[in-house]
>>> print(open('input14.cif').read())   # mmCIF, C-alpha atoms
data_work
loop_
_atom_site.label_atom_id
_atom_site.label_comp_id
_atom_site.auth_asym_id
_atom_site.auth_seq_id
_atom_site.Cartn_x
_atom_site.Cartn_y
_atom_site.Cartn_z
CA MET A 1 -48.38 19.68 -44.39
CA ARG A 2 -47.50 20.70 -47.96
CA ILE A 3 -45.14 18.14 -49.49
CA ASP A 4 -43.54 18.34 -52.95
CA LEU A 5 -41.49 15.24 -53.79
CA HIS A 6 -39.97 16.17 -57.17
CA ALA A 7 -37.81 19.25 -57.75
CA HIS A 8 -34.61 19.99 -59.65
CA SER A 9 -31.70 22.35 -59.07
CA ASN A 10 -28.95 23.51 -61.39
CA ALA A 11 -26.91 20.48 -60.28
CA SER A 12 -28.84 18.90 -63.18
CA ASP A 13 -31.31 20.73 -65.42
CA GLY A 14 -33.07 23.18 -63.11
CA THR A 15 -32.28 26.90 -63.02
CA ASP A 16 -32.27 27.42 -59.22
CA SER A 17 -29.14 26.69 -57.24
CA PRO A 18 -29.79 24.16 -54.46
CA ALA A 19 -29.83 27.03 -51.94
CA GLU A 20 -32.27 29.00 -54.09
CA LEU A 21 -34.46 25.93 -54.37
CA VAL A 22 -34.63 25.73 -50.57
CA ALA A 23 -35.47 29.43 -50.30
CA ASN A 24 -38.13 29.17 -52.99
CA ALA A 25 -39.66 26.11 -51.32
CA VAL A 26 -39.98 28.09 -48.09
CA ALA A 27 -41.49 31.04 -49.99
CA ALA A 28 -43.98 28.65 -51.63
CA GLY A 29 -45.19 27.54 -48.19
CA LEU A 30 -43.85 24.01 -48.42
CA ASP A 31 -43.09 21.94 -45.35
CA VAL A 32 -41.20 19.22 -47.24
CA VAL A 33 -39.35 19.29 -50.57
CA ALA A 34 -37.40 16.52 -52.31
CA LEU A 35 -34.26 17.36 -54.29
CA THR A 36 -34.35 14.90 -57.19
CA ASP A 37 -31.72 15.95 -59.70
CA HIS A 38 -31.06 13.69 -62.66
CA ASP A 39 -28.66 10.87 -61.79
CA THR A 40 -26.68 13.03 -59.33
CA VAL A 41 -26.46 13.92 -55.65
CA ALA A 42 -24.18 16.93 -56.27
CA GLY A 43 -26.69 19.42 -54.86
CA TYR A 44 -27.13 17.78 -51.45
CA GLY A 45 -24.43 19.72 -49.59
CA GLU A 46 -25.53 23.19 -50.63
CA ALA A 47 -29.21 22.41 -50.10
CA THR A 48 -28.56 21.01 -46.62
CA ALA A 49 -26.50 24.04 -45.61
CA ALA A 50 -29.29 26.35 -46.76
CA LEU A 51 -31.86 24.68 -44.50
CA ALA A 52 -30.66 26.25 -41.24
CA GLY A 53 -33.45 28.09 -39.49
CA THR A 54 -36.02 27.54 -42.24
CA GLY A 55 -38.04 24.74 -40.64
CA LEU A 56 -38.16 23.12 -44.09
CA THR A 57 -37.56 19.37 -44.39
CA LEU A 58 -35.38 18.17 -47.26
CA ILE A 59 -35.75 14.70 -48.76
CA PRO A 60 -32.52 13.76 -50.55
CA GLY A 61 -33.27 11.93 -53.78
CA ALA A 62 -32.49 11.55 -57.48
CA GLU A 63 -34.32 10.97 -60.74
CA LEU A 64 -32.94 8.03 -62.72
CA SER A 65 -33.00 7.59 -66.49
CA CYS A 66 -34.34 4.13 -67.40
CA GLN A 67 -35.44 2.30 -70.53
CA VAL A 68 -37.47 -0.83 -71.15
CA GLY A 69 -38.57 -2.21 -74.52
CA GLY A 70 -37.28 0.87 -76.29
CA ILE A 71 -39.37 3.19 -74.09
CA SER A 72 -37.66 5.76 -71.86
CA MET A 73 -38.97 6.24 -68.34
CA HIS A 74 -37.82 7.92 -65.14
CA LEU A 75 -37.58 6.50 -61.64
CA LEU A 76 -37.52 8.70 -58.55
CA ALA A 77 -35.28 7.37 -55.78
CA TYR A 78 -35.67 8.75 -52.25
CA LEU A 79 -33.57 8.50 -49.09
CA PHE A 80 -30.95 6.07 -50.42
CA ASP A 81 -27.36 5.86 -49.19
CA PRO A 82 -25.46 7.98 -51.78
CA ALA A 83 -22.21 6.14 -51.03
CA GLU A 84 -23.56 2.63 -51.66
CA PRO A 85 -21.14 1.49 -54.41
CA ALA A 86 -23.34 -0.41 -56.88
CA PHE A 87 -25.95 2.33 -57.17
CA ALA A 88 -23.27 5.06 -57.21
CA ALA A 89 -21.51 3.29 -60.09
CA GLU A 90 -24.71 3.08 -62.14
CA ARG A 91 -25.41 6.80 -61.63
CA GLU A 92 -21.87 7.60 -62.75
CA LEU A 93 -22.32 5.48 -65.89
CA VAL A 94 -25.52 7.33 -66.79
CA ARG A 95 -23.91 10.74 -66.17
CA THR A 96 -20.89 9.93 -68.31
CA ASP A 97 -23.01 8.78 -71.23
CA ARG A 98 -25.30 11.80 -70.80
CA LEU A 99 -22.34 14.02 -71.73
CA ARG A 100 -21.54 11.97 -74.85
CA ARG A 101 -25.18 12.12 -75.87
CA ALA A 102 -25.45 15.87 -75.34
CA ARG A 103 -22.43 16.52 -77.57
CA ALA A 104 -23.94 14.30 -80.27
CA ILE A 105 -27.32 16.06 -80.06
CA VAL A 106 -25.68 19.47 -80.44
CA GLU A 107 -23.88 18.21 -83.54
CA ARG A 108 -27.15 16.86 -84.98
CA CYS A 109 -28.85 20.21 -84.34
CA ARG A 110 -26.04 21.97 -86.18
CA GLU A 111 -26.38 19.54 -89.09
CA LEU A 112 -30.09 20.40 -89.19
CA GLY A 113 -29.28 24.09 -89.48
CA ALA A 114 -29.50 25.27 -85.86
CA PRO A 115 -26.76 27.87 -85.14
CA ILE A 116 -25.84 26.60 -81.68
CA SER A 117 -22.52 25.47 -80.23
CA TRP A 118 -21.25 23.13 -77.52
CA GLU A 119 -19.65 26.10 -75.75
CA GLN A 120 -23.04 27.86 -75.64
CA VAL A 121 -24.72 24.79 -74.14
CA GLN A 122 -21.95 24.46 -71.53
CA ARG A 123 -22.43 28.11 -70.57
CA ILE A 124 -26.16 27.57 -70.10
CA ALA A 125 -25.61 24.42 -68.03
CA GLY A 126 -22.98 26.04 -65.80
CA ALA A 127 -21.89 23.54 -63.17
CA GLY A 128 -24.90 21.31 -63.85
CA SER A 129 -24.97 18.02 -65.70
CA VAL A 130 -25.61 18.91 -69.36
CA GLY A 131 -28.91 17.60 -70.70
CA ARG A 132 -31.53 18.23 -73.34
CA PRO A 133 -33.14 21.17 -71.47
CA HIS A 134 -29.85 23.07 -71.77
CA ILE A 135 -29.75 22.34 -75.51
CA ALA A 136 -33.38 23.44 -75.73
CA SER A 137 -32.44 26.73 -74.06
CA ALA A 138 -29.66 27.16 -76.64
CA LEU A 139 -32.21 26.65 -79.42
CA VAL A 140 -34.37 29.36 -77.83
CA GLU A 141 -31.39 31.73 -77.60
CA ALA A 142 -30.64 31.11 -81.28
CA GLY A 143 -34.23 31.88 -82.27
CA VAL A 144 -34.81 28.39 -83.63
CA VAL A 145 -37.81 27.78 -81.34
CA ALA A 146 -39.91 30.09 -79.21
CA SER A 147 -39.69 28.19 -75.92
CA VAL A 148 -38.01 25.24 -74.25
CA SER A 149 -41.17 23.18 -74.59
CA ASP A 150 -41.25 23.92 -78.32
CA ALA A 151 -37.85 22.26 -78.62
CA PHE A 152 -39.22 18.96 -77.33
CA THR A 153 -41.04 18.03 -80.53
CA PRO A 154 -40.22 15.43 -83.22
CA GLU A 155 -38.75 18.32 -85.21
CA TRP A 156 -35.95 18.65 -82.66
CA LEU A 157 -35.37 17.03 -79.24
CA ALA A 158 -38.31 14.74 -78.52
CA ASN A 159 -37.55 11.06 -77.97
CA ASP A 160 -36.82 9.66 -81.45
CA GLY A 161 -36.97 13.20 -82.88
CA ARG A 162 -34.72 14.39 -85.70
CA ALA A 163 -31.96 15.50 -83.33
CA ASP A 164 -32.35 12.84 -80.67
CA VAL A 165 -29.51 10.49 -79.78
CA ARG A 166 -30.01 7.50 -77.50
CA LYS A 167 -28.10 7.36 -74.22
CA HIS A 168 -27.39 4.65 -71.68
CA GLU A 169 -30.52 4.11 -69.62
CA THR A 170 -30.80 1.60 -66.80
CA ASP A 171 -33.23 -1.29 -66.98
CA PRO A 172 -35.96 -0.15 -64.57
CA ALA A 173 -36.20 -3.48 -62.72
CA LEU A 174 -32.45 -3.28 -62.09
CA ALA A 175 -32.84 0.36 -61.02
CA VAL A 176 -35.56 -0.60 -58.52
CA ARG A 177 -33.33 -3.31 -57.07
CA LEU A 178 -30.34 -0.93 -56.87
CA VAL A 179 -32.40 1.71 -55.07
CA ARG A 180 -33.74 -0.83 -52.60
CA ALA A 181 -30.27 -2.30 -51.99
CA ALA A 182 -29.05 1.23 -51.19
CA GLY A 183 -31.83 1.59 -48.61
CA GLY A 184 -33.94 3.87 -50.80
CA VAL A 185 -37.56 4.03 -51.90
CA PRO A 186 -38.35 3.90 -55.67
CA VAL A 187 -41.33 5.70 -57.24
CA PHE A 188 -42.19 5.73 -60.96
CA ALA A 189 -42.09 9.37 -62.16
CA HIS A 190 -44.96 10.67 -64.35
CA PRO A 191 -45.82 7.19 -65.72
CA GLY A 192 -48.63 8.43 -67.94
CA ALA A 193 -46.84 11.41 -69.51
CA ASP A 194 -47.61 10.46 -73.10
CA LYS A 195 -46.88 14.00 -74.31
CA ARG A 196 -43.23 13.10 -73.82
CA GLY A 197 -43.41 9.97 -75.97
CA ARG A 198 -44.49 6.37 -75.59
CA THR A 199 -45.34 5.17 -72.08
CA VAL A 200 -44.92 1.71 -70.62
CA SER A 201 -47.76 -0.77 -70.24
CA ASP A 202 -49.60 -1.60 -67.04
CA GLN A 203 -47.89 -5.01 -67.16
CA VAL A 204 -44.47 -3.36 -66.99
CA ILE A 205 -45.63 -1.40 -63.95
CA ALA A 206 -46.93 -4.62 -62.38
CA ASP A 207 -43.55 -6.26 -63.00
CA LEU A 208 -41.79 -3.32 -61.36
CA ALA A 209 -44.13 -3.56 -58.38
CA ALA A 210 -43.11 -7.19 -58.01
CA ALA A 211 -39.45 -6.10 -58.14
CA GLY A 212 -39.92 -3.62 -55.28
CA LEU A 213 -41.44 -0.44 -56.74
CA ALA A 214 -43.11 1.52 -53.92
CA GLY A 215 -45.30 4.07 -55.66
CA LEU A 216 -46.54 5.97 -58.71
CA GLU A 217 -46.27 9.72 -59.19
CA VAL A 218 -49.87 10.39 -60.22
CA ASP A 219 -50.61 14.06 -59.55
CA HIS A 220 -48.31 15.69 -62.11
CA THR A 221 -48.69 18.46 -64.66
CA ASP A 222 -48.30 15.99 -67.56
CA HIS A 223 -51.29 13.86 -66.46
CA ASP A 224 -54.86 14.78 -67.32
CA GLU A 225 -57.71 13.74 -65.04
CA PRO A 226 -58.58 10.46 -66.83
CA THR A 227 -54.91 9.44 -66.68
CA ARG A 228 -54.77 10.22 -62.96
CA ALA A 229 -57.90 8.19 -62.32
CA ARG A 230 -56.53 5.22 -64.26
CA LEU A 231 -53.19 5.36 -62.43
CA ARG A 232 -54.86 5.61 -59.02
CA THR A 233 -56.83 2.47 -59.79
CA LEU A 234 -53.71 0.67 -60.97
CA ALA A 235 -51.76 1.75 -57.89
CA SER A 236 -54.53 0.45 -55.64
CA GLU A 237 -54.60 -2.88 -57.46
CA LEU A 238 -50.81 -3.27 -57.14
CA GLY A 239 -50.51 -2.06 -53.55
CA LEU A 240 -48.51 1.03 -54.50
CA PHE A 241 -48.83 4.43 -52.89
CA VAL A 242 -49.62 7.57 -54.90
CA THR A 243 -47.54 10.74 -54.83
CA GLY A 244 -48.02 14.24 -56.20
CA SER A 245 -45.20 16.56 -57.22
CA SER A 246 -44.45 19.69 -59.21
CA ASP A 247 -41.40 18.40 -61.15
CA TYR A 248 -40.11 21.95 -60.67
CA HIS A 249 -37.22 23.12 -62.88
CA GLY A 250 -37.14 26.81 -61.95
CA SER A 251 -37.64 29.19 -64.85
CA ARG A 252 -37.05 26.43 -67.42
CA LYS A 253 -40.66 25.24 -67.00
CA ILE A 254 -43.82 27.10 -66.04
CA VAL A 255 -44.87 24.72 -63.25
CA ARG A 256 -44.61 26.17 -59.72
CA LEU A 257 -43.19 24.56 -56.59
CA GLY A 258 -46.04 22.96 -54.67
CA GLU A 259 -48.39 23.00 -57.66
CA TYR A 260 -49.03 19.31 -56.92
CA THR A 261 -48.39 17.74 -53.53
CA THR A 262 -48.25 14.43 -51.68
CA ALA A 263 -50.55 13.45 -48.83
CA PRO A 264 -48.90 13.42 -45.38
CA GLU A 265 -49.81 9.76 -44.78
CA VAL A 266 -48.12 8.77 -48.05
CA TYR A 267 -45.03 10.77 -47.09
CA GLU A 268 -44.93 8.96 -43.74
CA ALA A 269 -45.24 5.59 -45.49
CA LEU A 270 -42.39 6.49 -47.84
CA VAL A 271 -40.08 7.59 -45.02
CA SER A 272 -40.89 4.45 -43.02
CA GLN A 273 -39.58 2.27 -45.87
CA ALA A 274 -36.21 4.06 -46.13
CA THR A 275 -33.08 2.75 -44.43
CA GLY A 276 -30.36 4.47 -46.46
CA ALA A 277 -30.88 8.08 -45.33
CA THR A 278 -33.26 10.20 -43.29
CA PRO A 279 -35.09 13.48 -43.93
CA ILE A 280 -33.13 16.63 -42.97
CA THR A 281 -34.96 19.43 -41.20
CA GLY A 282 -33.65 22.98 -40.89
#
>>> encode(input="input14.cif", output="structure tokens")
Amino acid sequence: MRIDLHAHSNASDGTDSPAELVANAVAAGLDVVALTDHDTVAGYGEATAALAGTGLTLIPGAELSCQVGGISMHLLAYLFDPAEPAFAAERELVRTDRLRRARAIVERCRELGAPISWEQVQRIAGAGSVGRPHIASALVEAGVVASVSDAFTPEWLANDGRADVRKHETDPALAVRLVRAAGGVPVFAHPGADKRGRTVSDQVIADLAAAGLAGLEVDHTDHDEPTRARLRTLASELGLFVTGSSDYHGSRKIVRLGEYTTAPEVYEALVSQATGATPITG
């Protein structure tokens, strides 16, 4: 089985519609794909409808924005009940503040001389939840930077960069508890991705494991081999399973669906822990 547990649609900051994501997962030879849009479940319906006759299995999920000790981090939540009220309310709070932040970042970019507009960013985002990747695309359109990745530097949109604005981010221990209470399974996304900014300590990860964290996303494009080896050792010490994922965003990033995958036995362990939802097979 080929299993990719981290992919985004245009319900957040990917470029594929949920239906296109399903079609592209089939074309990539995947057996299982997780839809993990940022703080939203808006793509579930379209993705589920697109499964018919494909044989592909969809894992409903989300990627949650968290912060601890001034360090941003992301938590992947799988197979939770999307209607569970406490977790739904926290996702709504994060989405609402994401919009405020995006407007403020656009204004900062303009103050720094970038000829972009809020209307341009909204056009790029379409029906998706506006985020920094959409602003990065606007900077590319305006000729300010050469690529989306070039926008995520201290000069512009990187965490604590010149144009960055802080947003509401959930305490990760609370996020883990909310995911578990909604019947879901929490996994720390790209925990060693130091190219994105500061990363949390091993002690923070140990504390999250004690709070109910299930796994670490180790095989990821932002981790070099020494980082993967260190995280595998840490996961083993803490009794966490190890996942691998593409973190696919369509054409917004160069990584391909299925570029990194999760072992079938890990997938089975993850599904066995979930009580909020079940995998959906076309």
>>> resolve_selection(input="input14.cif", expression="the PyMOL selection byres ((chain A and resi 11-13) around 9)", output="list in words")
His8, Ser9, Asn10, Gly14, Thr15, Asp16, Ser17, Pro18, Asp37, His38, Asp39, Thr40, Val41, Ala42, Gly43, Ala125, Gly126, Ala127, Gly128, Ser129, Val130, Gly131, Arg132, Pro133, His134, His249 and Arg252 of chain A
>>> atom_distance(input="input14.cif", atom1="CA of Gly244 in chain A", atom2="CA of Gly61 in chain A")
15.1 Å
>>> residues_near_point(input="input14.cif", point="(-38.6, 5.6, -60.1)", cutoff="12 Å", atoms="all atoms listed in the file", output="PyMOL selection string")
chain A and resi 5-6+36+38-39+61-67+72-78+170-180+184-191+205+208-209+211-217+243
>>> closest_residue(input="input14.cif", among="A:Asp97, A:Val68, A:Gly53, A:Glu20", to="Ser201 in chain A", atoms="only C-alpha atoms")
A:Val68
>>> closest_atom_pairs(input="input14.cif", of="range 48-142 of chain A", to="range 146-169 of chain A", cutoff="12 Å", atoms="all atoms listed in the file", output="tab-separated table")
residue	atom	partner	partner_atom	distance
A:Glu63	CA	A:Glu169	CA	11.8
A:Leu64	CA	A:Glu169	CA	8.3
A:Ser65	CA	A:Glu169	CA	5.3
A:Cys66	CA	A:Glu169	CA	4.4
A:Gln67	CA	A:Glu169	CA	5.3
A:Val68	CA	A:Glu169	CA	8.7
A:Gly69	CA	A:Glu169	CA	11.3
A:Gly70	CA	A:Arg166	CA	9.9
A:Ile71	CA	A:Asn159	CA	9.0
A:Ser72	CA	A:Glu169	CA	7.7
A:Met73	CA	A:Glu169	CA	8.8
A:His74	CA	A:Glu169	CA	9.4
A:Leu75	CA	A:Glu169	CA	10.9
A:Glu90	CA	A:Glu169	CA	9.5
A:Arg91	CA	A:Glu169	CA	9.9
A:Glu92	CA	A:His168	CA	10.9
A:Leu93	CA	A:His168	CA	7.7
A:Val94	CA	A:His168	CA	5.9
A:Arg95	CA	A:His168	CA	8.9
A:Thr96	CA	A:His168	CA	9.0
A:Asp97	CA	A:His168	CA	6.0
A:Arg98	CA	A:Lys167	CA	6.3
A:Leu99	CA	A:Lys167	CA	9.2
A:Arg100	CA	A:Lys167	CA	8.0
A:Arg101	CA	A:Lys167	CA	5.8
A:Ala102	CA	A:Val165	CA	8.1
A:Arg103	CA	A:Val165	CA	9.6
A:Ala104	CA	A:Val165	CA	6.8
A:Ile105	CA	A:Ala163	CA	5.7
A:Val106	CA	A:Ala163	CA	8.0
A:Glu107	CA	A:Ala163	CA	8.5
A:Arg108	CA	A:Ala163	CA	5.3
A:Cys109	CA	A:Ala163	CA	5.7
A:Arg110	CA	A:Ala163	CA	9.2
A:Glu111	CA	A:Ala163	CA	9.0
A:Leu112	CA	A:Ala163	CA	7.9
A:Gly113	CA	A:Ala163	CA	10.9
A:Ala114	CA	A:Trp156	CA	9.8
A:Gly131	CA	A:Leu157	CA	10.7
A:Arg132	CA	A:Leu157	CA	7.1
A:Pro133	CA	A:Val148	CA	6.9
A:His134	CA	A:Val148	CA	8.8
A:Ile135	CA	A:Leu157	CA	8.6
A:Ala136	CA	A:Val148	CA	5.2
A:Ser137	CA	A:Val148	CA	5.8
A:Ala138	CA	A:Val148	CA	8.9
A:Leu139	CA	A:Ala151	CA	7.2
A:Val140	CA	A:Ala146	CA	5.8
A:Glu141	CA	A:Ala146	CA	8.8
A:Ala142	CA	A:Ala146	CA	9.6
>>> write_last_selection(input="input14.cif", atoms="C-alpha atoms", output="mmCIF file, keeping the file's coordinate frame")
data_model
loop_
_atom_site.group_PDB
_atom_site.id
_atom_site.type_symbol
_atom_site.label_atom_id
_atom_site.label_comp_id
_atom_site.auth_asym_id
_atom_site.auth_seq_id
_atom_site.Cartn_x
_atom_site.Cartn_y
_atom_site.Cartn_z
ATOM 1 C CA GLU A 63 -34.320 10.970 -60.740
ATOM 2 C CA LEU A 64 -32.940 8.030 -62.720
ATOM 3 C CA SER A 65 -33.000 7.590 -66.490
ATOM 4 C CA CYS A 66 -34.340 4.130 -67.400
ATOM 5 C CA GLN A 67 -35.440 2.300 -70.530
ATOM 6 C CA VAL A 68 -37.470 -0.830 -71.150
ATOM 7 C CA GLY A 69 -38.570 -2.210 -74.520
ATOM 8 C CA GLY A 70 -37.280 0.870 -76.290
ATOM 9 C CA ILE A 71 -39.370 3.190 -74.090
ATOM 10 C CA SER A 72 -37.660 5.760 -71.860
ATOM 11 C CA MET A 73 -38.970 6.240 -68.340
ATOM 12 C CA HIS A 74 -37.820 7.920 -65.140
ATOM 13 C CA LEU A 75 -37.580 6.500 -61.640
ATOM 14 C CA GLU A 90 -24.710 3.080 -62.140
ATOM 15 C CA ARG A 91 -25.410 6.800 -61.630
ATOM 16 C CA GLU A 92 -21.870 7.600 -62.750
ATOM 17 C CA LEU A 93 -22.320 5.480 -65.890
ATOM 18 C CA VAL A 94 -25.520 7.330 -66.790
ATOM 19 C CA ARG A 95 -23.910 10.740 -66.170
ATOM 20 C CA THR A 96 -20.890 9.930 -68.310
ATOM 21 C CA ASP A 97 -23.010 8.780 -71.230
ATOM 22 C CA ARG A 98 -25.300 11.800 -70.800
ATOM 23 C CA LEU A 99 -22.340 14.020 -71.730
ATOM 24 C CA ARG A 100 -21.540 11.970 -74.850
ATOM 25 C CA ARG A 101 -25.180 12.120 -75.870
ATOM 26 C CA ALA A 102 -25.450 15.870 -75.340
ATOM 27 C CA ARG A 103 -22.430 16.520 -77.570
ATOM 28 C CA ALA A 104 -23.940 14.300 -80.270
ATOM 29 C CA ILE A 105 -27.320 16.060 -80.060
ATOM 30 C CA VAL A 106 -25.680 19.470 -80.440
ATOM 31 C CA GLU A 107 -23.880 18.210 -83.540
ATOM 32 C CA ARG A 108 -27.150 16.860 -84.980
ATOM 33 C CA CYS A 109 -28.850 20.210 -84.340
ATOM 34 C CA ARG A 110 -26.040 21.970 -86.180
ATOM 35 C CA GLU A 111 -26.380 19.540 -89.090
ATOM 36 C CA LEU A 112 -30.090 20.400 -89.190
ATOM 37 C CA GLY A 113 -29.280 24.090 -89.480
ATOM 38 C CA ALA A 114 -29.500 25.270 -85.860
ATOM 39 C CA GLY A 131 -28.910 17.600 -70.700
ATOM 40 C CA ARG A 132 -31.530 18.230 -73.340
ATOM 41 C CA PRO A 133 -33.140 21.170 -71.470
ATOM 42 C CA HIS A 134 -29.850 23.070 -71.770
ATOM 43 C CA ILE A 135 -29.750 22.340 -75.510
ATOM 44 C CA ALA A 136 -33.380 23.440 -75.730
ATOM 45 C CA SER A 137 -32.440 26.730 -74.060
ATOM 46 C CA ALA A 138 -29.660 27.160 -76.640
ATOM 47 C CA LEU A 139 -32.210 26.650 -79.420
ATOM 48 C CA VAL A 140 -34.370 29.360 -77.830
ATOM 49 C CA GLU A 141 -31.390 31.730 -77.600
ATOM 50 C CA ALA A 142 -30.640 31.110 -81.280
#
>>> closest_residue(input="input14.cif", among="A:Thr261, A:Thr57, A:Thr275, A:Gln120", to="Val33 in chain A", atoms="all atoms listed in the file")
A:Thr57
>>> residues_around(input="input14.cif", residues="Thr221 in chain A", least_positions_apart="4", cutoff="12 Å", atoms="all atoms listed in the file", output="NGL selection string")
:A and (6 or 189-196 or 217 or 225 or 227-228 or 244-248 or 253-261)
>>> resolve_selection(input="input14.cif", expression="the PyMOL selection byres ((chain A and resi 263) around 8)", output="list in words")
Met1, Arg2, Ile3, Thr243, Gly244, Thr261, Thr262, Pro264, Glu265, Val266 and Tyr267 of chain A
>>> closest_residue(input="input14.cif", among="A:Ala269, A:Leu56, A:Trp118, A:Ile280", to="Tyr44 in chain A", atoms="all atoms listed in the file")
A:Ile280
>>> closest_residue(input="input14.cif", among="A:Val218, A:Val144, A:Val32, A:Val204", to="Gly282 in chain A", atoms="all atoms listed in the file")
A:Val32
>>> atom_distance(input="input14.cif", atom1="CA of Gly143 in chain A", atom2="CA of Ile116 in chain A")
9.9 Å
>>> atom_distance(input="input14.cif", atom1="CA of Ala277 in chain A", atom2="CA of Asp4 in chain A")
18.0 Å
>>> closest_residue(input="input14.cif", among="A:Asp219, A:Leu240, A:Gly250, A:Ser272", to="Ala25 in chain A", atoms="only C-alpha atoms")
A:Gly250
>>> closest_residue(input="input14.cif", among="A:Val242, A:Ala89, A:Ala27, A:Ile59", to="His220 in chain A", atoms="only C-alpha atoms")
A:Val242
>>> residues_near_point(input="input14.cif", point="(-30.2, 6.0, -51.1)", cutoff="6 Å", atoms="only C-alpha atoms", output="PyMOL selection string")
chain A and resi 79-82+182-184+276
>>> decode(input="input14.cif", residues="range 38-55 of chain A", atoms="N, CA and C atoms", output="mmCIF file, in the first residue's frame")
data_model
loop_
_atom_site.group_PDB
_atom_site.id
_atom_site.type_symbol
_atom_site.label_atom_id
_atom_site.label_comp_id
_atom_site.auth_asym_id
_atom_site.auth_seq_id
_atom_site.Cartn_x
_atom_site.Cartn_y
_atom_site.Cartn_z
ATOM 1 N N HIS A 38 -5.872 23.319 6.438
ATOM 2 C CA HIS A 38 -5.577 24.088 7.641
ATOM 3 C C HIS A 38 -6.858 24.511 8.359
ATOM 4 N N ASP A 39 -7.080 23.932 9.535
ATOM 5 C CA ASP A 39 -8.122 24.374 10.460
ATOM 6 C C ASP A 39 -9.522 24.321 9.862
ATOM 7 N N THR A 40 -9.744 23.503 8.826
ATOM 8 C CA THR A 40 -11.058 23.435 8.196
ATOM 9 C C THR A 40 -11.359 22.032 7.697
ATOM 10 N N VAL A 41 -12.653 21.720 7.643
ATOM 11 C CA VAL A 41 -13.122 20.453 7.066
ATOM 12 C C VAL A 41 -13.972 20.730 5.827
ATOM 13 N N ALA A 42 -13.851 21.934 5.259
ATOM 14 C CA ALA A 42 -14.728 22.363 4.172
ATOM 15 C C ALA A 42 -14.595 21.515 2.912
ATOM 16 N N GLY A 43 -13.468 20.828 2.737
ATOM 17 C CA GLY A 43 -13.268 20.044 1.522
ATOM 18 C C GLY A 43 -13.784 18.617 1.591
ATOM 19 N N TYR A 44 -14.273 18.195 2.744
ATOM 20 C CA TYR A 44 -14.656 16.789 2.922
ATOM 21 C C TYR A 44 -15.716 16.336 1.919
ATOM 22 N N GLY A 45 -16.781 17.131 1.772
ATOM 23 C CA GLY A 45 -17.902 16.705 0.937
ATOM 24 C C GLY A 45 -17.504 16.460 -0.497
ATOM 25 N N GLU A 46 -16.796 17.419 -1.088
ATOM 26 C CA GLU A 46 -16.391 17.279 -2.484
ATOM 27 C C GLU A 46 -15.416 16.125 -2.665
ATOM 28 N N ALA A 47 -14.476 15.985 -1.735
ATOM 29 C CA ALA A 47 -13.509 14.888 -1.844
ATOM 30 C C ALA A 47 -14.200 13.536 -1.740
ATOM 31 N N THR A 48 -15.144 13.405 -0.823
ATOM 32 C CA THR A 48 -15.866 12.143 -0.652
ATOM 33 C C THR A 48 -16.664 11.794 -1.903
ATOM 34 N N ALA A 49 -17.329 12.788 -2.476
ATOM 35 C CA ALA A 49 -18.118 12.548 -3.686
ATOM 36 C C ALA A 49 -17.245 12.105 -4.850
ATOM 37 N N ALA A 50 -16.004 12.587 -4.888
ATOM 38 C CA ALA A 50 -15.103 12.263 -5.995
ATOM 39 C C ALA A 50 -14.499 10.867 -5.888
ATOM 40 N N LEU A 51 -14.686 10.209 -4.752
ATOM 41 C CA LEU A 51 -14.070 8.896 -4.540
ATOM 42 C C LEU A 51 -14.715 7.785 -5.341
ATOM 43 N N ALA A 52 -15.974 7.940 -5.724
ATOM 44 C CA ALA A 52 -16.755 6.835 -6.295
ATOM 45 C C ALA A 52 -16.019 6.144 -7.438
ATOM 46 N N GLY A 53 -15.839 4.846 -7.285
ATOM 47 C CA GLY A 53 -15.235 4.034 -8.323
ATOM 48 C C GLY A 53 -13.729 4.106 -8.424
ATOM 49 N N THR A 54 -13.079 4.877 -7.554
ATOM 50 C CA THR A 54 -11.623 5.041 -7.654
ATOM 51 C C THR A 54 -10.862 3.955 -6.921
ATOM 52 N N GLY A 55 -11.466 3.371 -5.879
ATOM 53 C CA GLY A 55 -10.738 2.436 -5.017
ATOM 54 C C GLY A 55 -9.825 3.123 -4.024
#
